[in-house]
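Below is structure02.txt, which holds compact mmCIF, C-alpha atoms.
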```
# COMPACT_ATOMS: atom_id res chain seq x y z
CA GLY A 1 -49.58 -14.28 41.24
CA VAL A 2 -45.85 -13.53 40.92
CA ASP A 3 -44.99 -9.85 40.29
CA LEU A 4 -41.29 -10.23 39.48
CA VAL A 5 -38.72 -12.94 38.86
CA LEU A 6 -35.21 -11.93 39.92
CA ILE A 7 -32.26 -14.04 38.83
CA GLY A 8 -29.65 -13.05 41.39
CA ASP A 9 -26.61 -15.32 40.99
CA CYS A 10 -24.37 -12.41 39.98
CA ASN A 11 -21.00 -13.90 40.97
CA TYR A 12 -20.83 -16.48 38.19
CA GLU A 13 -20.64 -16.46 34.41
CA GLY A 14 -24.35 -16.47 33.62
CA SER A 15 -24.32 -19.87 31.93
CA ASP A 16 -27.58 -20.89 33.64
CA HIS A 17 -29.46 -17.61 33.26
CA LEU A 18 -31.49 -18.72 30.25
CA GLN A 19 -32.56 -21.89 32.05
CA LEU A 20 -33.52 -19.93 35.18
CA ALA A 21 -35.30 -17.09 33.40
CA ALA A 22 -37.20 -19.08 30.77
CA PRO A 23 -40.11 -20.36 32.95
CA GLY A 24 -41.09 -16.88 34.12
CA LEU A 25 -40.63 -15.32 30.69
CA LYS A 26 -42.89 -17.96 29.12
CA LYS A 27 -45.60 -16.99 31.64
CA GLY A 28 -45.21 -13.30 30.83
CA VAL A 29 -43.75 -12.38 34.23
CA PRO A 30 -41.45 -9.32 34.44
CA THR A 31 -37.90 -10.65 34.86
CA PHE A 32 -34.67 -9.08 36.09
CA VAL A 33 -31.44 -10.92 35.31
CA ASP A 34 -28.45 -9.79 37.36
CA LYS A 35 -25.18 -9.30 35.54
CA PRO A 36 -23.83 -10.82 33.46
CA PHE A 37 -26.98 -11.08 31.34
CA ALA A 38 -25.70 -14.34 29.87
CA GLU A 39 -22.44 -16.15 29.17
CA THR A 40 -23.11 -16.33 25.43
CA TYR A 41 -24.79 -14.10 22.90
CA LYS A 42 -26.95 -17.03 21.81
CA ASP A 43 -28.46 -17.35 25.31
CA ALA A 44 -28.96 -13.60 25.64
CA LYS A 45 -30.71 -13.47 22.28
CA GLU A 46 -33.01 -16.34 23.27
CA MET A 47 -34.05 -14.57 26.47
CA VAL A 48 -34.91 -11.47 24.47
CA ARG A 49 -36.89 -13.62 22.02
CA LEU A 50 -38.89 -15.19 24.86
CA SER A 51 -39.49 -11.75 26.36
CA GLU A 52 -40.87 -10.38 23.11
CA GLU A 53 -42.88 -13.49 22.22
CA HIS A 54 -44.62 -13.70 25.59
CA GLY A 55 -44.85 -10.01 26.43
CA ALA A 56 -42.63 -10.43 29.48
CA PRO A 57 -40.62 -7.30 30.38
CA LEU A 58 -36.93 -8.20 30.65
CA MET A 59 -34.07 -6.21 32.16
CA SER A 60 -30.43 -6.85 33.01
CA LEU A 61 -28.14 -4.24 34.53
CA SER A 62 -24.84 -3.85 36.32
CA ILE A 63 -24.69 -1.48 39.29
CA LEU A 64 -22.00 0.43 37.37
CA ARG A 65 -24.53 1.19 34.62
CA GLU A 66 -26.73 3.17 37.03
CA LEU A 67 -24.18 4.46 39.57
CA PRO A 68 -24.97 8.07 40.55
CA ALA A 69 -21.28 8.83 41.19
CA ALA A 70 -20.45 7.71 37.64
CA LYS A 71 -23.23 9.86 36.19
CA LEU A 72 -21.88 12.86 38.09
CA PHE A 73 -18.44 12.15 36.63
CA LYS A 74 -19.90 12.07 33.12
CA ASN A 75 -21.23 15.57 33.70
CA ARG A 76 -17.60 16.74 33.82
CA PHE A 77 -17.06 15.82 30.17
CA VAL A 78 -18.26 19.32 29.24
CA GLU A 79 -14.97 20.62 30.65
CA ILE A 80 -12.98 18.98 27.84
CA GLU A 81 -15.46 18.34 25.03
CA PRO A 82 -15.30 16.71 22.62
CA VAL A 83 -14.00 13.56 24.33
CA ARG A 84 -11.57 11.75 22.02
CA PHE A 85 -10.55 8.74 24.14
CA GLY A 86 -11.78 6.94 27.24
CA VAL A 87 -10.30 4.56 29.79
CA VAL A 88 -12.05 2.33 32.33
CA ARG A 89 -10.15 0.42 34.98
CA GLY A 90 -12.03 -2.87 35.23
CA ALA A 91 -11.63 -5.66 37.72
CA GLY A 92 -10.50 -9.24 37.51
CA GLU A 93 -10.59 -12.27 35.26
CA LYS A 94 -14.21 -13.38 35.74
CA LEU A 95 -17.01 -12.25 33.47
CA ALA A 96 -19.10 -11.29 36.50
CA ALA A 97 -16.52 -8.59 37.28
CA GLN A 98 -15.55 -7.70 33.71
CA ILE A 99 -19.12 -6.88 32.74
CA HIS A 100 -19.03 -4.09 35.33
CA GLY A 101 -16.24 -2.30 33.47
CA LEU A 102 -17.98 -2.71 30.12
CA SER A 103 -21.24 -1.43 31.64
CA LEU A 104 -19.43 1.61 33.05
CA ALA A 105 -17.98 2.29 29.59
CA GLN A 106 -21.47 2.03 28.09
CA LEU A 107 -22.81 4.55 30.61
CA LEU A 108 -19.98 7.04 30.13
CA PHE A 109 -19.21 6.76 26.43
CA GLY A 110 -22.35 5.25 24.89
CA ASP A 111 -23.35 2.17 22.94
CA GLY A 112 -22.81 1.42 19.26
CA VAL A 113 -19.46 -0.38 19.48
CA GLU A 114 -18.41 -1.50 16.01
CA THR A 115 -15.13 -3.36 16.52
CA VAL A 116 -13.41 -5.02 19.47
CA GLU A 117 -9.75 -5.85 20.02
CA CYS A 118 -8.54 -7.87 23.00
CA PHE A 119 -5.09 -8.91 24.16
CA GLY A 120 -3.06 -9.74 27.27
CA ARG A 121 -1.91 -12.78 29.23
CA LYS A 122 -5.14 -13.23 31.18
CA PRO A 123 -8.70 -13.71 29.83
CA LEU A 124 -10.06 -10.43 28.47
CA ALA A 125 -7.16 -8.58 30.09
CA TYR A 126 -7.27 -5.49 27.85
CA ILE A 127 -10.22 -4.66 25.61
CA ARG A 128 -10.35 -1.81 23.10
CA LEU A 129 -13.77 -0.65 21.92
CA ASP A 130 -13.95 1.13 18.57
CA PHE A 131 -17.09 3.12 17.71
CA GLY A 132 -16.03 3.99 14.18
CA GLN A 133 -16.86 7.62 13.47
CA LYS A 134 -20.22 7.77 15.27
CA PRO A 135 -21.08 11.33 16.39
CA GLY A 136 -20.84 11.77 20.14
CA ARG A 137 -18.57 8.75 20.62
CA PRO A 138 -14.80 8.87 21.33
CA GLU A 139 -13.15 8.79 17.91
CA SER A 140 -10.09 6.97 19.32
CA GLY A 141 -12.18 4.45 21.24
CA VAL A 142 -12.24 3.24 24.83
CA MET A 143 -9.81 0.96 26.67
CA ILE A 144 -11.01 -1.43 29.37
CA LEU A 145 -8.18 -2.44 31.70
CA ASN A 146 -9.13 -5.66 33.48
CA ASP A 147 -5.57 -6.68 34.39
CA SER A 148 -4.33 -3.60 36.22
CA GLY A 149 -3.20 -4.83 39.63
CA LYS A 150 -4.86 -4.81 43.01
CA THR A 151 -6.19 -1.77 44.84
CA SER A 152 -6.78 -1.07 48.52
CA VAL A 153 -10.47 -1.92 48.16
CA ASP A 154 -11.78 -4.99 46.34
CA SER A 155 -13.83 -4.36 43.18
CA GLN A 156 -12.65 -0.80 42.70
CA PHE A 157 -13.21 0.99 39.40
CA PHE A 158 -11.89 4.22 37.91
CA ALA A 159 -12.52 6.03 34.64
CA ALA A 160 -10.93 8.82 32.66
CA ALA A 161 -11.73 10.84 29.54
CA TYR A 162 -9.24 12.66 27.32
CA SER A 163 -9.32 15.33 24.62
CA GLU A 164 -7.18 18.12 23.20
CA GLN A 165 -8.48 20.27 26.06
CA GLY A 166 -7.13 18.01 28.80
CA ALA A 167 -8.41 15.12 30.90
CA VAL A 168 -10.88 14.37 33.68
CA HIS A 169 -10.56 11.50 36.13
CA SER A 170 -13.24 9.88 38.25
CA ARG A 171 -13.24 9.25 41.96
CA ALA A 172 -12.96 5.65 43.11
CA LEU A 173 -16.12 3.68 42.35
CA ASN A 174 -16.31 0.83 44.85
CA TRP A 175 -18.24 -0.82 47.68
CA TYR A 176 -18.78 2.58 49.29
CA THR A 177 -20.70 3.87 46.25
CA PHE A 178 -22.24 0.64 44.89
CA PRO A 179 -25.33 0.65 47.18
CA TYR A 180 -26.57 3.82 45.50
CA GLY A 181 -26.43 2.09 42.12
CA ALA A 182 -28.29 -0.89 43.58
CA LEU A 183 -31.03 1.45 44.79
CA GLU A 184 -31.43 2.90 41.30
CA ILE A 185 -31.81 -0.59 39.85
CA ILE A 186 -34.46 -1.49 42.43
CA LYS A 187 -36.39 1.62 41.38
CA LEU A 188 -36.13 0.54 37.74
CA MET A 189 -37.37 -2.95 38.63
CA LYS A 190 -40.43 -1.41 40.29
CA THR A 191 -41.01 0.73 37.20
CA MET A 192 -40.79 -2.36 35.02
CA VAL A 193 -43.38 -4.20 37.10
CA LEU A 194 -45.80 -1.25 37.16
CA THR A 195 -45.48 -0.30 33.48
CA LYS A 196 -45.07 -3.84 32.10
CA ALA A 197 -42.17 -2.55 29.99
CA SER A 198 -38.39 -2.65 30.37
CA PRO A 199 -36.76 0.74 31.04
CA VAL A 200 -33.61 -0.56 29.32
CA PRO A 201 -33.49 -1.19 25.55
CA HIS A 202 -32.81 -4.83 24.71
CA GLY A 203 -30.16 -3.69 22.26
CA GLU A 204 -27.98 -2.26 25.02
CA MET A 205 -28.19 -5.48 27.02
CA LEU A 206 -27.37 -7.61 23.99
CA GLU A 207 -24.48 -5.39 22.92
CA LEU A 208 -22.58 -6.02 26.15
CA ILE A 209 -22.65 -9.78 25.59
CA ALA A 210 -21.81 -9.40 21.90
CA VAL A 211 -18.79 -7.30 22.89
CA VAL A 212 -17.71 -10.01 25.35
CA GLU A 213 -17.89 -12.70 22.67
CA ALA A 214 -16.07 -10.47 20.20
CA ALA A 215 -13.34 -9.90 22.79
CA ARG A 216 -12.96 -13.63 23.38
CA LEU A 217 -12.63 -14.28 19.66
CA SER A 218 -10.26 -11.37 19.19
CA GLN A 219 -7.95 -12.60 21.95
CA LYS A 220 -8.02 -16.14 20.59
CA GLU A 221 -7.38 -15.22 16.96
CA THR A 222 -5.29 -12.07 17.61
CA ARG A 223 -7.36 -9.85 15.30
CA PRO A 224 -10.00 -7.13 15.54
CA VAL A 225 -13.53 -8.57 15.55
CA ALA A 226 -16.62 -6.69 14.41
CA VAL A 227 -19.57 -6.84 16.82
CA ALA A 228 -21.74 -7.55 13.79
CA GLU A 229 -19.78 -10.77 13.29
CA ILE A 230 -21.19 -11.96 16.61
CA SER A 231 -24.69 -10.52 16.39
CA GLY A 232 -25.19 -11.74 12.83
CA THR A 233 -26.08 -8.35 11.43
CA ARG A 234 -23.35 -8.47 8.82
```
Written as structure tokens, how would this file's structure read?
Amino acid sequence: GVDLVLIGDCNYEGSDHLQLAAPGLKKGVPTFVDKPFAETYKDAKEMVRLSEEHGAPLMSLSILRELPAAKLFKNRFVEIEPVRFGVVRGAGEKLAAQIHGLSLAQLLFGDGVETVECFGRKPLAYIRLDFGQKPGRPESGVMILNDSGKTSVDSQFFAAAYSEQGAVHSRALNWYTFPYGALEIIKLMKTMVLTKASPVPHGEMLELIAVVEAARLSQKETRPVAVAEISGTR
């Protein structure tokens, strides 16, 4: 008789999300997993497998992925098209915070990351996303700045886009705007329950975790890492 399982421990690394989500998925119950989707790509992939095997709709989203203020900012890209380079100011050393910045980058600049480079003194401090030469993606990539100092408001994000025509910069995205993103996610959860289908492609959810693992490996081995190396598609 359960309509929805919601895994809501969003302040940790997601290491227990597979364990928590598996019982509901095996019973075919629609399941929402708060960010981060999982700590490892292996766990994320297994949740998707269970979802598909048992017909259980599965969704995982960061508030930054659905934030109305961020979508309004993206509308300004027409002022400088085509966008050649993007920057997202992330937040902190924990995956629970870092996934926000990556999700914001996915919203603004798209999916389809091919290669990841990561460096810095702290875990996942600076991450560069390279899309190759995919049409509609920044040809010079996107930088995620997770080690960029404190701001006046905790968990505050910014973004910018650059081209030969100039640059556009976002307003502050923080606790004052987050509730509107949360509302959008609640609407999507209701849609998932009513339609018995996830409004978010599994590939987008998996890509975020693959990028995280690629960034970890890149920082450890000081080399660019292809996302396909993590996802096993190469």
Note to self: Residues within 12 Å of Lys42 (chain A), please, as a list in words. Count only C-alpha atoms; anything in the same chain fewer than 4 positions from it doesn't count.
What the structure shows: Ser15, His17, Leu18, Phe37, Ala38, Glu46, Met47, Val48, Arg49, Leu206, Glu207, Ile209, Ala210, Glu213, Ile230, Ser231 and Gly232 of chain A
Check: For Leu67 (chain A), which residue among A:Val33, A:Val83, A:Val2, A:Ile185 is the nearest when counting all atoms listed in the file?
Finding: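 So, comparing all the options, the nearest one is A:Ile185.
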Check: For the point (-21.3, -2.4, 43.0) in file coordinates, what residues are within 10 Å, counting all atoms listed in the file? Give the answer as number ranges by chain?
Finding: A: 62-67, 97, 100, 155-157, 173-182
All residues 10 Å or closer to Gly112 (chain A), all atoms listed in the file, same chain fewer than 6 positions away omitted, as an mmCIF file with C-alpha atoms, keeping the file's coordinate frame:
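So out-v3.cif came out as:
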```
data_model
loop_
_atom_site.group_PDB
_atom_site.id
_atom_site.type_symbol
_atom_site.label_atom_id
_atom_site.label_comp_id
_atom_site.auth_asym_id
_atom_site.auth_seq_id
_atom_site.Cartn_x
_atom_site.Cartn_y
_atom_site.Cartn_z
ATOM 1 C CA GLN A 106 -21.470 2.030 28.090
ATOM 2 C CA LEU A 129 -13.770 -0.650 21.920
ATOM 3 C CA ASP A 130 -13.950 1.130 18.570
ATOM 4 C CA PHE A 131 -17.090 3.120 17.710
ATOM 5 C CA GLY A 132 -16.030 3.990 14.180
ATOM 6 C CA LYS A 134 -20.220 7.770 15.270
ATOM 7 C CA ARG A 137 -18.570 8.750 20.620
ATOM 8 C CA GLY A 203 -30.160 -3.690 22.260
ATOM 9 C CA GLU A 204 -27.980 -2.260 25.020
ATOM 10 C CA GLU A 207 -24.480 -5.390 22.920
ATOM 11 C CA VAL A 227 -19.570 -6.840 16.820
#
```
Next item on the list: Measure the distance from CA of Phe109 (chain A) to CA of Leu61 (chain A) in Å and round it to one decimal.
Entry: 16.3 Å
Notebook entry, point to check: Counting only C-alpha atoms, which of A:Arg128, A:His54, A:Lys74, A:Arg121 gets nearest to Ala226 (chain A)?
Noted result: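 Looking at the shortest contact to Ala226 (chain A), the residue is A:Arg128.
Distance check against Leu108 (chain A) using all atoms listed in the file: of A:Leu145, A:Leu183, A:Ala161, A:Ala56, the minimum falls on A:Ala161.
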Item checked: Counting all atoms listed in the file, the option among A:Gly110, A:Pro57, A:Pro82, A:Pro201 closest to Gln165 (chain A) -> A:Pro82
Margin query: I'd like the interatomic distance between CA of Lys122 (chain A) and CA of Ala69 (chain A), to a tenth of an Å.
Written below: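 Computed distance, CA of Lys122 (chain A) to CA of Ala69 (chain A), equals 29.1 Å.
Of the listed residues (A:Arg216, A:His202, A:Arg223, A:Lys71), A:His202 comes nearest to Asp111 (chain A); the distances count all atoms listed in the file.
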Next item on the list: Please indicate the distance in Å from CA of Ala125 (chain A) to CA of Thr40 (chain A), rounded to one decimal place.
Entry: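 A separation of 18.3 Å between them.
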Next item on the list: Find, counting all atoms listed in the file, the residue in A:Phe119, A:Tyr126, A:Phe32, A:Tyr162 that gets nearest to Val193 (chain A).
Entry: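 Closest to Val193 (chain A), using all atoms listed in the file: A:Phe32.
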Margin query: If we count only C-alpha atoms and set the cut-off at 6 Å, which residues sit around Phe158 (chain A), ignoring sequence neighbours fewer than 2 positions away in its own chain? Please answer as a ChimeraX atom specification.
Written below: /A:88-89,170,172
What would region 188-217 of chain A look like with N, CA and C atoms restored, written as an mmCIF file, in the frame of the given file?
```cif
data_model
loop_
_atom_site.group_PDB
_atom_site.id
_atom_site.type_symbol
_atom_site.label_atom_id
_atom_site.label_comp_id
_atom_site.auth_asym_id
_atom_site.auth_seq_id
_atom_site.Cartn_x
_atom_site.Cartn_y
_atom_site.Cartn_z
ATOM 1 N N LEU A 188 -35.828 0.910 39.124
ATOM 2 C CA LEU A 188 -36.130 0.540 37.740
ATOM 3 C C LEU A 188 -36.919 -0.769 37.679
ATOM 4 N N MET A 189 -36.605 -1.699 38.577
ATOM 5 C CA MET A 189 -37.370 -2.950 38.630
ATOM 6 C C MET A 189 -38.830 -2.668 38.964
ATOM 7 N N LYS A 190 -39.052 -1.768 39.930
ATOM 8 C CA LYS A 190 -40.430 -1.410 40.290
ATOM 9 C C LYS A 190 -41.145 -0.769 39.104
ATOM 10 N N THR A 191 -40.441 0.105 38.397
ATOM 11 C CA THR A 191 -41.010 0.730 37.200
ATOM 12 C C THR A 191 -41.397 -0.315 36.168
ATOM 13 N N MET A 192 -40.519 -1.303 35.981
ATOM 14 C CA MET A 192 -40.790 -2.360 35.020
ATOM 15 C C MET A 192 -42.044 -3.143 35.387
ATOM 16 N N VAL A 193 -42.205 -3.447 36.658
ATOM 17 C CA VAL A 193 -43.380 -4.200 37.100
ATOM 18 C C VAL A 193 -44.659 -3.379 36.893
ATOM 19 N N LEU A 194 -44.605 -2.086 37.227
ATOM 20 C CA LEU A 194 -45.800 -1.250 37.160
ATOM 21 C C LEU A 194 -46.181 -0.907 35.724
ATOM 22 N N THR A 195 -45.187 -0.716 34.858
ATOM 23 C CA THR A 195 -45.480 -0.300 33.480
ATOM 24 C C THR A 195 -45.567 -1.476 32.511
ATOM 25 N N LYS A 196 -45.113 -2.657 32.957
ATOM 26 C CA LYS A 196 -45.070 -3.840 32.100
ATOM 27 C C LYS A 196 -44.165 -3.624 30.876
ATOM 28 N N ALA A 197 -43.121 -2.810 31.069
ATOM 29 C CA ALA A 197 -42.170 -2.550 29.990
ATOM 30 C C ALA A 197 -40.782 -2.360 30.589
ATOM 31 N N SER A 198 -39.759 -2.807 29.876
ATOM 32 C CA SER A 198 -38.390 -2.650 30.370
ATOM 33 C C SER A 198 -37.904 -1.227 30.166
ATOM 34 N N PRO A 199 -37.323 -0.595 31.197
ATOM 35 C CA PRO A 199 -36.760 0.740 31.040
ATOM 36 C C PRO A 199 -35.444 0.742 30.256
ATOM 37 N N VAL A 200 -34.901 -0.441 30.004
ATOM 38 C CA VAL A 200 -33.610 -0.560 29.320
ATOM 39 C C VAL A 200 -33.809 -1.209 27.956
ATOM 40 N N PRO A 201 -33.351 -0.586 26.881
ATOM 41 C CA PRO A 201 -33.490 -1.190 25.550
ATOM 42 C C PRO A 201 -32.784 -2.546 25.472
ATOM 43 N N HIS A 202 -33.430 -3.513 24.854
ATOM 44 C CA HIS A 202 -32.810 -4.830 24.710
ATOM 45 C C HIS A 202 -31.487 -4.752 23.965
ATOM 46 N N GLY A 203 -31.386 -3.816 23.042
ATOM 47 C CA GLY A 203 -30.160 -3.690 22.260
ATOM 48 C C GLY A 203 -28.943 -3.394 23.106
ATOM 49 N N GLU A 204 -29.102 -2.578 24.140
ATOM 50 C CA GLU A 204 -27.980 -2.260 25.020
ATOM 51 C C GLU A 204 -27.540 -3.487 25.811
ATOM 52 N N MET A 205 -28.501 -4.270 26.263
ATOM 53 C CA MET A 205 -28.190 -5.480 27.020
ATOM 54 C C MET A 205 -27.472 -6.489 26.133
ATOM 55 N N LEU A 206 -27.974 -6.660 24.924
ATOM 56 C CA LEU A 206 -27.370 -7.610 23.990
ATOM 57 C C LEU A 206 -25.983 -7.180 23.562
ATOM 58 N N GLU A 207 -25.784 -5.877 23.385
ATOM 59 C CA GLU A 207 -24.480 -5.390 22.920
ATOM 60 C C GLU A 207 -23.365 -5.764 23.877
ATOM 61 N N LEU A 208 -23.617 -5.679 25.173
ATOM 62 C CA LEU A 208 -22.580 -6.020 26.150
ATOM 63 C C LEU A 208 -22.097 -7.460 25.958
ATOM 64 N N ILE A 209 -23.030 -8.381 25.749
ATOM 65 C CA ILE A 209 -22.650 -9.780 25.590
ATOM 66 C C ILE A 209 -21.999 -10.006 24.230
ATOM 67 N N ALA A 210 -22.454 -9.298 23.207
ATOM 68 C CA ALA A 210 -21.810 -9.400 21.900
ATOM 69 C C ALA A 210 -20.376 -8.894 21.967
ATOM 70 N N VAL A 211 -20.147 -7.828 22.717
ATOM 71 C CA VAL A 211 -18.790 -7.300 22.890
ATOM 72 C C VAL A 211 -17.909 -8.321 23.616
ATOM 73 N N VAL A 212 -18.459 -8.984 24.635
ATOM 74 C CA VAL A 212 -17.710 -10.010 25.350
ATOM 75 C C VAL A 212 -17.288 -11.136 24.411
ATOM 76 N N GLU A 213 -18.226 -11.619 23.596
ATOM 77 C CA GLU A 213 -17.890 -12.700 22.670
ATOM 78 C C GLU A 213 -16.884 -12.240 21.621
ATOM 79 N N ALA A 214 -17.030 -11.011 21.158
ATOM 80 C CA ALA A 214 -16.070 -10.470 20.200
ATOM 81 C C ALA A 214 -14.681 -10.376 20.826
ATOM 82 N N ALA A 215 -14.631 -9.995 22.093
ATOM 83 C CA ALA A 215 -13.340 -9.900 22.790
ATOM 84 C C ALA A 215 -12.697 -11.276 22.942
ATOM 85 N N ARG A 216 -13.501 -12.272 23.274
ATOM 86 C CA ARG A 216 -12.960 -13.630 23.380
ATOM 87 C C ARG A 216 -12.357 -14.084 22.055
ATOM 88 N N LEU A 217 -13.099 -13.853 20.968
ATOM 89 C CA LEU A 217 -12.630 -14.280 19.660
ATOM 90 C C LEU A 217 -11.400 -13.494 19.225
#
```
